[in-house]
Amino acid sequence: MGSELKIIECPRDAMQGITTFIPTEVKIAYINLLLKVGFHTIDFGSFVSPTAVPQMKDTAQVLDGLDIDTTRTLLLSIIANRRGAEDAASFDAIKYLGFPLSVSETFQQRNTNKTIGEALTLVEEIQEICIQKHKEQVVYLSMGFGNPYGDPYEKEYIVEFVGKLDKLGVKIISLSDTIGVSDKDNIHYLFESLIPAFPHIEFGAHLHAHPKDAKDKVRWAYEAGCRRFDGALKGFGGCPMAKDDLVGNIATENIISFMKGQQIDASIDQEWFDKALHKASEVFLRYK
């Protein structure tokens, strides 16, 4: 895994659960602002069923309005099936296809209407599409730190699961704390186990947390060797399965604050970041 710090901003994750439709032009203006900040990647939209996620039904239109020629920031789109992967891969501007693969059988069925076995087969198909279209697949291991359903979970099982993805050729895996149950012990165990065992795979952290725990979780993941972090400005978004309404995405400003405190270069333009932070409050407090 490379040592470069990568911050992935996730407006898609922040927006997708909002029931009021955010106008396409508002999404475009907001994401264009994010493109000026200096994030490594922006998780900007998803090619999924508009019935399942109506907020994302305009992803192609949003993409068409983005100022991608003036930025080094890369774009990631979430997909949930083969058709979505083919649609996303048809756009030159999209670099990454993100697939949510759960280690919880219950959540995999709820999220993609597939068994884990069927989802792994789909990961293989998506990987073939990515190779053909010169894209990269990012697999999000949701419920990677535990689940609320009573489904079997052992930290060692995650290592075995990654081994299966490694055999399929997946090179980027983000461990996702879907319900905010990660702690110092399991964060350290997973990253310290996985990174040396699979040095050719880039491991990321897509963590959910209560605001008071957010910076600690970033620190623990960084200490354990993680250099890829997902966040959302102001911590908007999260998972509806979380029992605590305050458990949501790690606020990107907490990630950046930690990095600055450690004198780590996050490659962020502070002026544009401040503008984006102000705009996030304006957008997400208006549409909720």
# chains A, B, ... in the order shown; residues from 1 in each chain; ligands from 1
>>> select_by_dssp(residues="segment 17-127 of chain A", states="strand (DSSP E)", output="mmCIF file with N, CA and C atoms, in the first residue's frame")
data_model
loop_
_atom_site.group_PDB
_atom_site.id
_atom_site.type_symbol
_atom_site.label_atom_id
_atom_site.label_comp_id
_atom_site.auth_asym_id
_atom_site.auth_seq_id
_atom_site.Cartn_x
_atom_site.Cartn_y
_atom_site.Cartn_z
ATOM 1 N N THR A 41 -10.429 11.999 -4.185
ATOM 2 C CA THR A 41 -11.569 11.429 -4.909
ATOM 3 C C THR A 41 -12.855 12.008 -4.338
ATOM 4 N N ILE A 42 -13.856 12.125 -5.192
ATOM 5 C CA ILE A 42 -15.200 12.489 -4.734
ATOM 6 C C ILE A 42 -16.161 11.367 -5.123
ATOM 7 N N ASP A 43 -16.815 10.812 -4.129
ATOM 8 C CA ASP A 43 -17.890 9.839 -4.320
ATOM 9 C C ASP A 43 -19.142 10.672 -4.605
ATOM 10 N N PHE A 44 -19.399 10.884 -5.904
ATOM 11 C CA PHE A 44 -20.338 11.931 -6.308
ATOM 12 C C PHE A 44 -21.755 11.453 -6.582
ATOM 13 N N GLY A 45 -21.960 10.160 -6.860
ATOM 14 C CA GLY A 45 -23.293 9.698 -7.237
ATOM 15 C C GLY A 45 -23.347 8.190 -7.329
ATOM 16 N N SER A 46 -24.480 7.683 -7.795
ATOM 17 C CA SER A 46 -24.604 6.233 -7.920
ATOM 18 C C SER A 46 -25.541 5.875 -9.067
ATOM 19 N N PHE A 47 -25.170 4.811 -9.758
ATOM 20 C CA PHE A 47 -26.003 4.263 -10.820
ATOM 21 C C PHE A 47 -26.734 3.049 -10.252
ATOM 22 N N LEU A 74 -10.407 12.816 -8.627
ATOM 23 C CA LEU A 74 -11.008 11.708 -9.368
ATOM 24 C C LEU A 74 -12.442 11.480 -8.898
ATOM 25 N N LEU A 75 -13.228 10.812 -9.733
ATOM 26 C CA LEU A 75 -14.637 10.578 -9.420
ATOM 27 C C LEU A 75 -14.923 9.101 -9.196
ATOM 28 N N LEU A 76 -15.756 8.839 -8.200
ATOM 29 C CA LEU A 76 -16.204 7.485 -7.873
ATOM 30 C C LEU A 76 -17.716 7.456 -7.896
ATOM 31 N N SER A 77 -18.259 6.392 -8.469
ATOM 32 C CA SER A 77 -19.698 6.184 -8.452
ATOM 33 C C SER A 77 -20.007 4.828 -7.829
ATOM 34 N N ILE A 78 -21.029 4.790 -7.005
ATOM 35 C CA ILE A 78 -21.490 3.540 -6.421
ATOM 36 C C ILE A 78 -22.388 2.825 -7.420
ATOM 37 N N ILE A 79 -22.240 1.511 -7.477
ATOM 38 C CA ILE A 79 -23.103 0.680 -8.320
ATOM 39 C C ILE A 79 -23.532 -0.545 -7.493
ATOM 40 N N ILE A 94 -15.458 8.925 -14.976
ATOM 41 C CA ILE A 94 -15.524 8.127 -13.748
ATOM 42 C C ILE A 94 -14.324 7.180 -13.692
ATOM 43 N N LYS A 95 -13.554 7.282 -12.631
ATOM 44 C CA LYS A 95 -12.367 6.443 -12.457
ATOM 45 C C LYS A 95 -12.664 5.184 -11.648
ATOM 46 N N TYR A 96 -13.504 5.326 -10.606
ATOM 47 C CA TYR A 96 -13.736 4.228 -9.668
ATOM 48 C C TYR A 96 -15.193 3.804 -9.656
ATOM 49 N N LEU A 97 -15.423 2.495 -9.588
ATOM 50 C CA LEU A 97 -16.742 1.919 -9.389
ATOM 51 C C LEU A 97 -16.759 1.290 -8.005
ATOM 52 N N GLY A 98 -17.632 1.798 -7.138
ATOM 53 C CA GLY A 98 -17.688 1.307 -5.768
ATOM 54 C C GLY A 98 -18.836 0.336 -5.574
ATOM 55 N N PHE A 99 -18.520 -0.839 -5.033
ATOM 56 C CA PHE A 99 -19.559 -1.850 -4.807
ATOM 57 C C PHE A 99 -19.664 -2.171 -3.322
ATOM 58 N N PRO A 100 -20.874 -2.081 -2.741
ATOM 59 C CA PRO A 100 -21.064 -2.404 -1.324
ATOM 60 C C PRO A 100 -21.237 -3.911 -1.116
ATOM 61 N N LEU A 101 -20.237 -4.534 -0.558
ATOM 62 C CA LEU A 101 -20.264 -5.967 -0.272
ATOM 63 C C LEU A 101 -20.299 -6.149 1.234
ATOM 64 N N SER A 102 -21.330 -6.806 1.731
ATOM 65 C CA SER A 102 -21.473 -6.927 3.173
ATOM 66 C C SER A 102 -20.949 -8.267 3.676
#
>>> residues_around(residues="segment 122-137 of chain A", least_positions_apart="3", cutoff="9 Å", atoms="only C-alpha atoms", output="list of chain:residue names")
A:Ala80, A:Asn81, A:Arg82, A:Ala85, A:Glu86, A:Ala89, A:Ser90, A:Asp92, A:Ile94, A:Lys95, A:Tyr96, A:Leu97, A:Gly98, A:Phe99, A:Leu101, A:Gly117, A:Glu118, A:Ala119, A:Leu165, A:Leu168, A:Gly169, A:Val170, A:Lys171, A:Ile172, A:Ile173
>>> write_last_selection(atoms="N, CA, C and O atoms", output="mmCIF file, in the first residue's frame")
data_model
loop_
_atom_site.group_PDB
_atom_site.id
_atom_site.type_symbol
_atom_site.label_atom_id
_atom_site.label_comp_id
_atom_site.auth_asym_id
_atom_site.auth_seq_id
_atom_site.Cartn_x
_atom_site.Cartn_y
_atom_site.Cartn_z
ATOM 1 N N ALA A 80 -24.631 -1.164 -7.892
ATOM 2 C CA ALA A 80 -25.134 -2.292 -7.102
ATOM 3 C C ALA A 80 -25.412 -3.532 -7.934
ATOM 4 O O ALA A 80 -25.771 -4.573 -7.396
ATOM 5 N N ASN A 81 -25.264 -3.423 -9.255
ATOM 6 C CA ASN A 81 -25.487 -4.580 -10.112
ATOM 7 C C ASN A 81 -24.694 -4.412 -11.411
ATOM 8 O O ASN A 81 -24.028 -3.393 -11.620
ATOM 9 N N ARG A 82 -24.792 -5.399 -12.276
ATOM 10 C CA ARG A 82 -24.013 -5.372 -13.514
ATOM 11 C C ARG A 82 -24.433 -4.210 -14.416
ATOM 12 O O ARG A 82 -23.579 -3.543 -15.010
ATOM 13 N N ALA A 85 -22.919 -1.097 -13.225
ATOM 14 C CA ALA A 85 -21.484 -1.084 -13.505
ATOM 15 C C ALA A 85 -21.219 -0.733 -14.965
ATOM 16 O O ALA A 85 -20.313 0.051 -15.278
ATOM 17 N N GLU A 86 -22.009 -1.300 -15.869
ATOM 18 C CA GLU A 86 -21.831 -1.002 -17.294
ATOM 19 C C GLU A 86 -22.156 0.457 -17.584
ATOM 20 O O GLU A 86 -21.458 1.112 -18.378
ATOM 21 N N ALA A 89 -19.293 2.613 -16.098
ATOM 22 C CA ALA A 89 -18.042 2.407 -16.829
ATOM 23 C C ALA A 89 -18.056 3.046 -18.209
ATOM 24 O O ALA A 89 -16.997 3.224 -18.821
ATOM 25 N N SER A 90 -19.234 3.411 -18.682
ATOM 26 C CA SER A 90 -19.322 4.021 -20.017
ATOM 27 C C SER A 90 -18.901 5.485 -20.017
ATOM 28 O O SER A 90 -18.726 6.076 -21.075
ATOM 29 N N ASP A 92 -16.145 8.275 -19.371
ATOM 30 C CA ASP A 92 -14.696 8.447 -19.237
ATOM 31 C C ASP A 92 -14.319 9.153 -17.939
ATOM 32 O O ASP A 92 -13.255 8.904 -17.374
ATOM 33 N N ILE A 94 -15.458 8.925 -14.976
ATOM 34 C CA ILE A 94 -15.524 8.127 -13.748
ATOM 35 C C ILE A 94 -14.324 7.180 -13.692
ATOM 36 O O ILE A 94 -14.116 6.382 -14.600
ATOM 37 N N LYS A 95 -13.554 7.282 -12.631
ATOM 38 C CA LYS A 95 -12.367 6.443 -12.457
ATOM 39 C C LYS A 95 -12.664 5.184 -11.648
ATOM 40 O O LYS A 95 -12.158 4.112 -11.944
ATOM 41 N N TYR A 96 -13.504 5.326 -10.606
ATOM 42 C CA TYR A 96 -13.736 4.228 -9.668
ATOM 43 C C TYR A 96 -15.193 3.804 -9.656
ATOM 44 O O TYR A 96 -16.097 4.646 -9.666
ATOM 45 N N LEU A 97 -15.423 2.495 -9.588
ATOM 46 C CA LEU A 97 -16.742 1.919 -9.389
ATOM 47 C C LEU A 97 -16.759 1.290 -8.005
ATOM 48 O O LEU A 97 -15.964 0.398 -7.711
ATOM 49 N N GLY A 98 -17.632 1.798 -7.138
ATOM 50 C CA GLY A 98 -17.688 1.307 -5.768
ATOM 51 C C GLY A 98 -18.836 0.336 -5.574
ATOM 52 O O GLY A 98 -19.989 0.655 -5.898
ATOM 53 N N PHE A 99 -18.520 -0.839 -5.033
ATOM 54 C CA PHE A 99 -19.559 -1.850 -4.807
ATOM 55 C C PHE A 99 -19.664 -2.171 -3.322
ATOM 56 O O PHE A 99 -18.662 -2.496 -2.682
ATOM 57 N N LEU A 101 -20.237 -4.534 -0.558
ATOM 58 C CA LEU A 101 -20.264 -5.967 -0.272
ATOM 59 C C LEU A 101 -20.299 -6.149 1.234
ATOM 60 O O LEU A 101 -19.394 -5.692 1.938
ATOM 61 N N GLY A 117 -22.831 -14.900 -1.509
ATOM 62 C CA GLY A 117 -22.270 -15.678 -2.611
ATOM 63 C C GLY A 117 -22.570 -15.056 -3.959
ATOM 64 O O GLY A 117 -21.699 -14.956 -4.829
ATOM 65 N N GLU A 118 -23.816 -14.623 -4.148
ATOM 66 C CA GLU A 118 -24.195 -13.974 -5.401
ATOM 67 C C GLU A 118 -23.453 -12.637 -5.565
ATOM 68 O O GLU A 118 -23.045 -12.282 -6.678
ATOM 69 N N ALA A 119 -23.271 -11.930 -4.458
ATOM 70 C CA ALA A 119 -22.573 -10.648 -4.516
ATOM 71 C C ALA A 119 -21.108 -10.850 -4.899
ATOM 72 O O ALA A 119 -20.541 -10.042 -5.654
ATOM 73 N N LEU A 165 -11.514 -11.704 -2.009
ATOM 74 C CA LEU A 165 -11.489 -10.554 -2.917
ATOM 75 C C LEU A 165 -10.133 -10.432 -3.603
ATOM 76 O O LEU A 165 -10.053 -10.049 -4.781
ATOM 77 N N LEU A 168 -9.925 -12.427 -6.626
ATOM 78 C CA LEU A 168 -10.692 -11.863 -7.743
ATOM 79 C C LEU A 168 -9.990 -10.664 -8.373
ATOM 80 O O LEU A 168 -10.468 -10.116 -9.361
ATOM 81 N N GLY A 169 -8.867 -10.257 -7.774
ATOM 82 C CA GLY A 169 -8.093 -9.165 -8.343
ATOM 83 C C GLY A 169 -8.458 -7.784 -7.848
ATOM 84 O O GLY A 169 -7.995 -6.780 -8.404
ATOM 85 N N VAL A 170 -9.276 -7.693 -6.790
ATOM 86 C CA VAL A 170 -9.661 -6.393 -6.245
ATOM 87 C C VAL A 170 -8.456 -5.754 -5.566
ATOM 88 O O VAL A 170 -7.770 -6.386 -4.763
ATOM 89 N N LYS A 171 -8.193 -4.488 -5.874
ATOM 90 C CA LYS A 171 -6.998 -3.805 -5.373
ATOM 91 C C LYS A 171 -7.287 -2.709 -4.350
ATOM 92 O O LYS A 171 -6.356 -2.188 -3.731
ATOM 93 N N ILE A 172 -8.557 -2.330 -4.183
ATOM 94 C CA ILE A 172 -8.915 -1.305 -3.201
ATOM 95 C C ILE A 172 -10.105 -1.816 -2.390
ATOM 96 O O ILE A 172 -11.155 -2.134 -2.944
ATOM 97 N N ILE A 173 -9.920 -1.882 -1.081
ATOM 98 C CA ILE A 173 -10.969 -2.364 -0.181
ATOM 99 C C ILE A 173 -11.113 -1.371 0.964
ATOM 100 O O ILE A 173 -10.133 -1.044 1.635
#
>>> select_by_dssp(residues="segment 106-244 of chain A", states="helix (DSSP H, G or I)", output="ChimeraX atom specification")
/A:106-112,116-133,155-167,184-197,211-223,233-235
>>> atom_distance(atom1="atom CA of Asp216 of chain A", atom2="atom CA of Gln108 of chain A")
28.4 Å
>>> closest_atom_pairs(of="segment 53-140 of chain A", to="segment 188-203 of chain A", cutoff="10 Å", atoms="only C-alpha atoms", output="Markdown table")
| residue | atom | partner | partner_atom | distance |
| --- | --- | --- | --- | --- |
| A:Val138 | CA | A:Glu202 | CA | 9.4 |
| A:Val139 | CA | A:Phe203 | CA | 9.8 |
| A:Tyr140 | CA | A:Phe203 | CA | 9.8 |
>>> atom_distance(atom1="atom CA of Ser104 of chain A", atom2="atom CA of Pro148 of chain A")
9.3 Å
>>> closest_atom_pairs(of="segment 11-103 of chain A", to="segment 270-287 of chain A", cutoff="9 Å", atoms="only C-alpha atoms", output="tab-separated table")
residue	atom	partner	partner_atom	distance
A:Ala14	CA	A:Phe284	CA	8.3
A:Met15	CA	A:Phe284	CA	7.9
A:Ile18	CA	A:Tyr287	CA	7.1
A:Thr19	CA	A:Tyr287	CA	8.3
A:Thr20	CA	A:Tyr287	CA	6.0
A:Phe21	CA	A:Tyr287	CA	7.5
A:Ile22	CA	A:Tyr287	CA	6.5
A:Val26	CA	A:Val283	CA	7.8
A:Lys27	CA	A:Val283	CA	8.7
A:Tyr30	CA	A:Lys279	CA	7.0
A:Ile31	CA	A:Ala276	CA	8.9
A:Leu33	CA	A:Ala276	CA	6.1
A:Leu34	CA	A:Ala276	CA	6.2
A:Lys36	CA	A:Trp272	CA	6.3
A:Val37	CA	A:Trp272	CA	5.1
A:Gly38	CA	A:Phe273	CA	8.4
>>> closest_residue(among="A:Leu207, A:Ile68, A:Glu160, A:Trp220", to="Ala232 of chain A", atoms="only C-alpha atoms")
A:Leu207
>>> atom_distance(atom1="atom CA of Leu141 of chain A", atom2="atom CA of Ile28 of chain A")
28.4 Å
